[in-house]
Amino acid sequence: MRPQTAHPFDGSSLVSQPRARTVVVLAAGEGKRMKSALPKVLHPLLGRTLVGHVLAAAEPLAAEQTVVVVGHGADRVTAHLAEVAPSAGTVLQAEQLGTGHAVRVALESVPERAGTVVVINGDVPLLRADTVRALVEAHEAAGAAGTVLAAEVADPTGLGRIVRDEAGRLEQIVEERDATPVQRAVREINAGIYAFDAGRLRAALGKLSTDNDQGEEYLTDVFGLLVGAGEPVAVHVAADATETLGCNDRVELAGLRRLLADRINDGWMRSGVTILDPASTWIDVTVTLERDAVVDQNTQLQGSTTVGAEATVGPDVTLVDTVVGAGATVLRAHAVGAEIGPGASVGPYAYLRPEATLREKAKVGTFVEVKKSEIGAGAKVPHLSYVGDATIGARANIGAATIFVNYDGVAKHHTTVGEAAFVGCDTSLIAPVEVGAGAYVAAGSAITQDVPPGALGVTRAPQRAIDNWVLRRRAGTRSAEAARAALATGRPESGDAAGAGPTGAAGGESAHPDTGSGGRDS
């Protein structure tokens, strides 16, 4: 995982002026309905975990302290936070006794903090930074003791209700299981996101009871206590109700993924990127695309991937932590930790593994795998090859079915192919070995020694033809019948005219009869 980075469409680039603020993220729950060994807040969603999205939304508040309350799977959650939000502290809620208890445990870990306390549930990944900032600024401007983020939804089932008095002021927040039939008809719901005055919150937390259906300390009861004490409270309504959606099971997680994907895709298209089929395009929030990039259907862009201006990726492409240069083309390929230079071409059906680097206008073609190797500017590996632990010079050509034999069973070794070198089809380059600049390697060779610049490397045995072998050893077969018919018409019985020997031509599409290099380039 990487530290959180701002996403251009979630408002997280807008940083508020520093204030005395503390952020508390509630991430202790088990999430039983997820039916998973993975703590709920660690489930991934387009580039971040659920809790990672929440922390990214809160980051622009510039809080003096961020405290994440952990419980179920505490060790795993804490380890994840150390990677994505190392400045955040954690506090253990050993017993999950309710949201009010969780916040009390959090504040006990920062007893000297004053100012505003922002409390956010750890499973609201669609929350935007702008919405959190607007909630906090409205709370501070009003001088309220507590402010709750609310939303108007079509179906409030399972959610806490905002109960107002006749004047429209907040009276209390009621959990559905404790609500009356009249209260359950209310469609204004509690989003689980709050801003409090620190001192008045601490005082109210000390008065919470467990007299409710679950026998827990509800944080929402703080608002009733504040109202009863004559303290000012407020409701801030989110402009987009989808931001307040939580996640309780995998069906809801899939729904959030679709909503977030649509938001991301819309943002990129409005920024000058062409996405030909948004419904089949999945882009992580951590990905960057430049203007006039084209994303074709069935494409996944993940991690720290960047796509340059006027580059085309897709269809059927997955890129993870990969850089695609301006004007490059990636078609039906999979790349992880690779760098694809400007104007380069990849695919179809290519696999770029970590540290694969293609320089400007290089080509990696059909059914080619590249690992920890550099393909020089204008160099080509067009078909059916494996390139591992290698450096290929500019304008070199690697023929079809070439294998860079990099592993001896104990260690990996490096191969170098010089500038404008030509390696024929079906060649094995057995590392460590170097093919010099401008050198040729004959097709079908197994190269174990360096080939000097401008030389021809060849390791073929002489070809011979054993006359009438099929007629004797495969009598009665279709091959024998065809051979007998050919011989009866007077065709040559042997391969004498085929140019046997190590310098004969070797059956590539771009074969060179004078050298036998047998390269294939398209």
# chains A, B, ... in the order shown; residues from 1 in each chain; ligands from 1
call {"tool": "residues_around", "arguments": {"residues": "stretch 24-39 of chain A", "least_positions_apart": "4", "cutoff": "10 Å", "atoms": "only C-alpha atoms", "output": "PyMOL selection string"}}
result
chain A and resi 43+50-51+54-55+58+65-74+76-77+88-96+98-99+102-103+106-107+117-123+192-194+247-253
call {"tool": "closest_atom_pairs", "arguments": {"of": "stretch 441-502 of chain A", "to": "stretch 406-416 of chain A", "cutoff": "12 Å", "atoms": "only C-alpha atoms", "output": "CSV"}}
result
residue,atom,partner,partner_atom,distance
A:Ile447,CA,A:Thr415,CA,10.7
A:Thr448,CA,A:Thr415,CA,10.4
A:Gln449,CA,A:Thr415,CA,10.8
A:Asp450,CA,A:Thr416,CA,9.4
A:Val451,CA,A:Thr416,CA,10.4
A:Pro452,CA,A:Thr416,CA,11.7
A:Pro453,CA,A:Thr416,CA,11.9
call {"tool": "closest_residue", "arguments": {"among": "A:Ala79, A:Gln183, A:Asp221, A:Leu245", "to": "A:Asp165", "atoms": "only C-alpha atoms"}}
result
A:Gln183
call {"tool": "closest_residue", "arguments": {"among": "A:Val405, A:Ala379, A:Ile173, A:Ala142", "to": "A:Gly393", "atoms": "only C-alpha atoms"}}
result
A:Ala379
call {"tool": "residues_around", "arguments": {"residues": "stretch 339-345 of chain A", "least_positions_apart": "3", "cutoff": "12 Å", "atoms": "only C-alpha atoms", "output": "ChimeraX atom specification"}}
result
/A:304-314,319-333,335-336,348-350,352-366,370-382
call {"tool": "write_last_selection", "arguments": {"atoms": "C-alpha atoms", "output": "tab-separated table (two decimals), in the first residue's frame"}}
result
chain	number	residue	atom	x	y	z
A	304	SER	CA	-0.14	4.40	-9.10
A	305	THR	CA	-0.68	3.91	-12.84
A	306	THR	CA	-0.32	7.00	-15.04
A	307	VAL	CA	-1.40	7.30	-18.66
A	308	GLY	CA	0.15	10.05	-20.77
A	309	ALA	CA	-1.44	12.45	-23.20
A	310	GLU	CA	-2.85	10.88	-26.39
A	311	ALA	CA	-1.96	7.38	-25.24
A	312	THR	CA	-4.47	4.58	-25.84
A	313	VAL	CA	-5.01	1.74	-23.38
A	314	GLY	CA	-7.48	-1.05	-24.08
A	319	LEU	CA	-2.31	-1.94	-15.68
A	320	VAL	CA	-1.04	-1.97	-12.09
A	321	ASP	CA	1.49	0.65	-10.90
A	322	THR	CA	2.49	1.20	-14.53
A	323	VAL	CA	3.60	4.31	-16.40
A	324	VAL	CA	2.34	4.75	-19.97
A	325	GLY	CA	4.05	7.48	-21.96
A	326	ALA	CA	2.45	10.00	-24.27
A	327	GLY	CA	1.17	8.53	-27.51
A	328	ALA	CA	1.82	4.93	-26.48
A	329	THR	CA	-0.57	2.08	-27.30
A	330	VAL	CA	-1.39	-0.82	-24.99
A	331	LEU	CA	-3.76	-3.45	-26.41
A	332	ARG	CA	-5.07	-6.57	-24.64
A	333	ALA	CA	-2.15	-6.68	-22.23
A	335	ALA	CA	1.37	-4.95	-16.89
A	336	VAL	CA	2.55	-4.67	-13.29
A	348	PRO	CA	-1.94	-7.85	-28.00
A	349	TYR	CA	-1.59	-10.54	-25.34
A	350	ALA	CA	1.64	-9.28	-23.81
A	352	LEU	CA	4.97	-6.89	-18.62
A	353	ARG	CA	6.25	-7.83	-15.19
A	354	PRO	CA	7.90	-5.53	-12.61
A	355	GLU	CA	10.85	-3.45	-13.88
A	356	ALA	CA	9.99	-4.00	-17.52
A	357	THR	CA	10.96	-0.79	-19.30
A	358	LEU	CA	10.18	0.12	-22.91
A	359	ARG	CA	11.94	3.17	-24.27
A	360	GLU	CA	10.52	5.51	-26.90
A	361	LYS	CA	8.76	3.73	-29.79
A	362	ALA	CA	9.82	0.28	-28.59
A	363	LYS	CA	7.52	-2.64	-29.37
A	364	VAL	CA	6.51	-5.69	-27.35
A	365	GLY	CA	4.09	-7.77	-29.37
A	366	THR	CA	1.88	-10.83	-29.28
A	370	VAL	CA	9.09	-9.18	-20.26
A	371	LYS	CA	10.56	-9.16	-16.76
A	372	LYS	CA	13.17	-6.81	-15.27
A	373	SER	CA	14.44	-5.80	-18.70
A	374	GLU	CA	14.97	-2.69	-20.79
A	375	ILE	CA	13.82	-2.60	-24.40
A	376	GLY	CA	15.70	0.21	-26.13
A	377	ALA	CA	14.25	3.00	-28.24
A	378	GLY	CA	12.78	1.61	-31.45
A	379	ALA	CA	13.70	-1.96	-30.55
A	380	LYS	CA	11.22	-4.75	-31.28
A	381	VAL	CA	10.23	-8.01	-29.63
A	382	PRO	CA	7.27	-8.76	-31.88
call {"tool": "select_by_dssp", "arguments": {"residues": "stretch 8-244 of chain A", "states": "alpha helix (DSSP H)", "output": "NGL selection string"}}
result
:A and (50-58 or 74-84 or 99-108 or 129-142 or 181-184 or 198-205 or 221-228)
call {"tool": "residues_around", "arguments": {"residues": "A:Gly303", "least_positions_apart": "6", "cutoff": "10 Å", "atoms": "only C-alpha atoms", "output": "VMD selection string"}}
result
chain A and resid 1 to 2 46 to 48 283 to 288 319 to 322 336 to 337
call {"tool": "residues_around", "arguments": {"residues": "A:Gly146", "least_positions_apart": "4", "cutoff": "9 Å", "atoms": "only C-alpha atoms", "output": "PyMOL selection string"}}
result
chain A and resi 139+194-197+200-201+222-223+226+231-235
call {"tool": "atom_distance", "arguments": {"atom1": "atom CA of A:Asp266", "atom2": "atom CA of A:Thr244"}}
result
19.4 Å
call {"tool": "select_by_dssp", "arguments": {"residues": "stretch 245-364 of chain A", "states": "strand (DSSP E or B)", "output": "JSON, numbers by chain"}}
result
{"A": [274, 275, 281, 282, 283, 288, 289, 294, 295, 299, 300, 301, 302, 306, 307, 312, 313, 317, 318, 319, 320, 323, 324, 329, 330, 333, 334, 335, 336, 339, 340, 345, 346, 350, 351, 352, 357, 358, 363, 364]}
call {"tool": "residues_around", "arguments": {"residues": "stretch 205-210 of chain A", "least_positions_apart": "3", "cutoff": "8 Å", "atoms": "only C-alpha atoms", "output": "list in words"}}
result
Gly100, His101, Arg104, Leu201, Arg202, Gln214, Gly215, Glu216, Glu217, Tyr218, Leu219, Asp221 and Val222 of chain A
call {"tool": "decode", "arguments": {"residues": "stretch 8-99 of chain A", "atoms": "C-alpha atoms", "output": "compact mmCIF listing (two decimals), in the first residue's frame"}}
result
# COMPACT_ATOMS: atom_id res chain seq x y z
CA PRO A 8 -8.75 15.12 -8.34
CA PHE A 9 -12.49 14.53 -8.01
CA ASP A 10 -13.02 14.07 -4.27
CA GLY A 11 -12.14 17.62 -3.24
CA SER A 12 -9.20 16.44 -1.17
CA SER A 13 -6.89 18.99 -2.78
CA LEU A 14 -8.71 21.77 -0.94
CA VAL A 15 -6.93 22.17 2.39
CA SER A 16 -8.64 24.17 5.15
CA GLN A 17 -6.79 26.66 7.31
CA PRO A 18 -5.25 24.92 10.35
CA ARG A 19 -7.61 24.86 13.34
CA ALA A 20 -7.62 23.05 16.68
CA ARG A 21 -9.18 19.86 15.38
CA THR A 22 -9.10 16.17 16.24
CA VAL A 23 -10.40 13.46 13.92
CA VAL A 24 -11.73 10.19 15.37
CA VAL A 25 -12.38 7.32 12.94
CA LEU A 26 -14.47 4.42 14.24
CA ALA A 27 -12.98 1.21 12.82
CA ALA A 28 -13.36 -1.36 15.60
CA GLY A 29 -16.36 -3.32 14.33
CA GLU A 30 -16.19 -6.87 13.03
CA GLY A 31 -18.60 -6.46 10.13
CA LYS A 32 -20.20 -9.86 10.62
CA ARG A 33 -22.39 -9.54 7.54
CA MET A 34 -19.31 -9.31 5.33
CA LYS A 35 -18.68 -12.97 6.25
CA SER A 36 -14.95 -12.44 5.91
CA ALA A 37 -11.75 -13.09 7.83
CA LEU A 38 -10.66 -9.63 6.67
CA PRO A 39 -11.79 -6.79 8.96
CA LYS A 40 -14.55 -4.85 7.23
CA VAL A 41 -12.67 -1.56 7.05
CA LEU A 42 -9.80 -3.25 5.18
CA HIS A 43 -11.89 -4.40 2.23
CA PRO A 44 -10.50 -2.73 -0.92
CA LEU A 45 -12.44 -0.32 -3.08
CA LEU A 46 -10.79 1.12 -6.22
CA GLY A 47 -7.37 1.91 -4.89
CA ARG A 48 -7.97 2.31 -1.17
CA THR A 49 -9.49 0.34 1.65
CA LEU A 50 -12.78 1.52 3.14
CA VAL A 51 -10.95 3.16 6.03
CA GLY A 52 -8.35 4.53 3.61
CA HIS A 53 -11.06 6.44 1.75
CA VAL A 54 -12.34 7.90 5.04
CA LEU A 55 -8.87 9.03 6.07
CA ALA A 56 -8.33 10.63 2.67
CA ALA A 57 -11.60 12.57 3.06
CA ALA A 58 -10.56 13.82 6.50
CA GLU A 59 -6.94 14.64 5.61
CA PRO A 60 -7.58 18.20 4.30
CA LEU A 61 -8.94 19.23 7.71
CA ALA A 62 -5.31 19.43 8.81
CA ALA A 63 -6.24 17.97 12.19
CA GLU A 64 -3.69 18.17 14.98
CA GLN A 65 -4.40 14.53 15.75
CA THR A 66 -6.15 11.68 13.96
CA VAL A 67 -7.14 8.73 16.14
CA VAL A 68 -8.46 5.48 14.66
CA VAL A 69 -10.35 3.27 17.09
CA VAL A 70 -9.48 -0.37 16.36
CA GLY A 71 -10.90 -3.59 17.76
CA HIS A 72 -11.68 -6.59 15.58
CA GLY A 73 -8.52 -7.52 13.67
CA ALA A 74 -6.66 -4.73 15.45
CA ASP A 75 -3.20 -5.92 14.46
CA ARG A 76 -4.05 -6.02 10.76
CA VAL A 77 -5.81 -2.67 10.82
CA THR A 78 -2.94 -1.05 12.72
CA ALA A 79 -0.36 -2.45 10.28
CA HIS A 80 -2.39 -1.13 7.33
CA LEU A 81 -2.67 2.32 8.90
CA ALA A 82 1.09 2.43 9.41
CA GLU A 83 1.43 2.15 5.62
CA VAL A 84 -1.32 4.45 4.37
CA ALA A 85 -1.60 7.01 7.21
CA PRO A 86 1.54 6.84 9.35
CA SER A 87 0.68 10.08 11.16
CA ALA A 88 -2.58 8.63 12.49
CA GLY A 89 -2.64 7.12 15.96
CA THR A 90 -4.63 4.08 17.04
CA VAL A 91 -6.43 3.19 20.23
CA LEU A 92 -7.81 -0.24 21.10
CA GLN A 93 -11.47 -0.68 22.02
CA ALA A 94 -11.01 -4.10 23.61
CA GLU A 95 -14.75 -4.56 24.12
CA GLN A 96 -17.13 -3.17 21.52
CA LEU A 97 -19.61 -1.47 23.86
CA GLY A 98 -21.02 1.01 21.36
CA THR A 99 -20.05 4.07 19.38
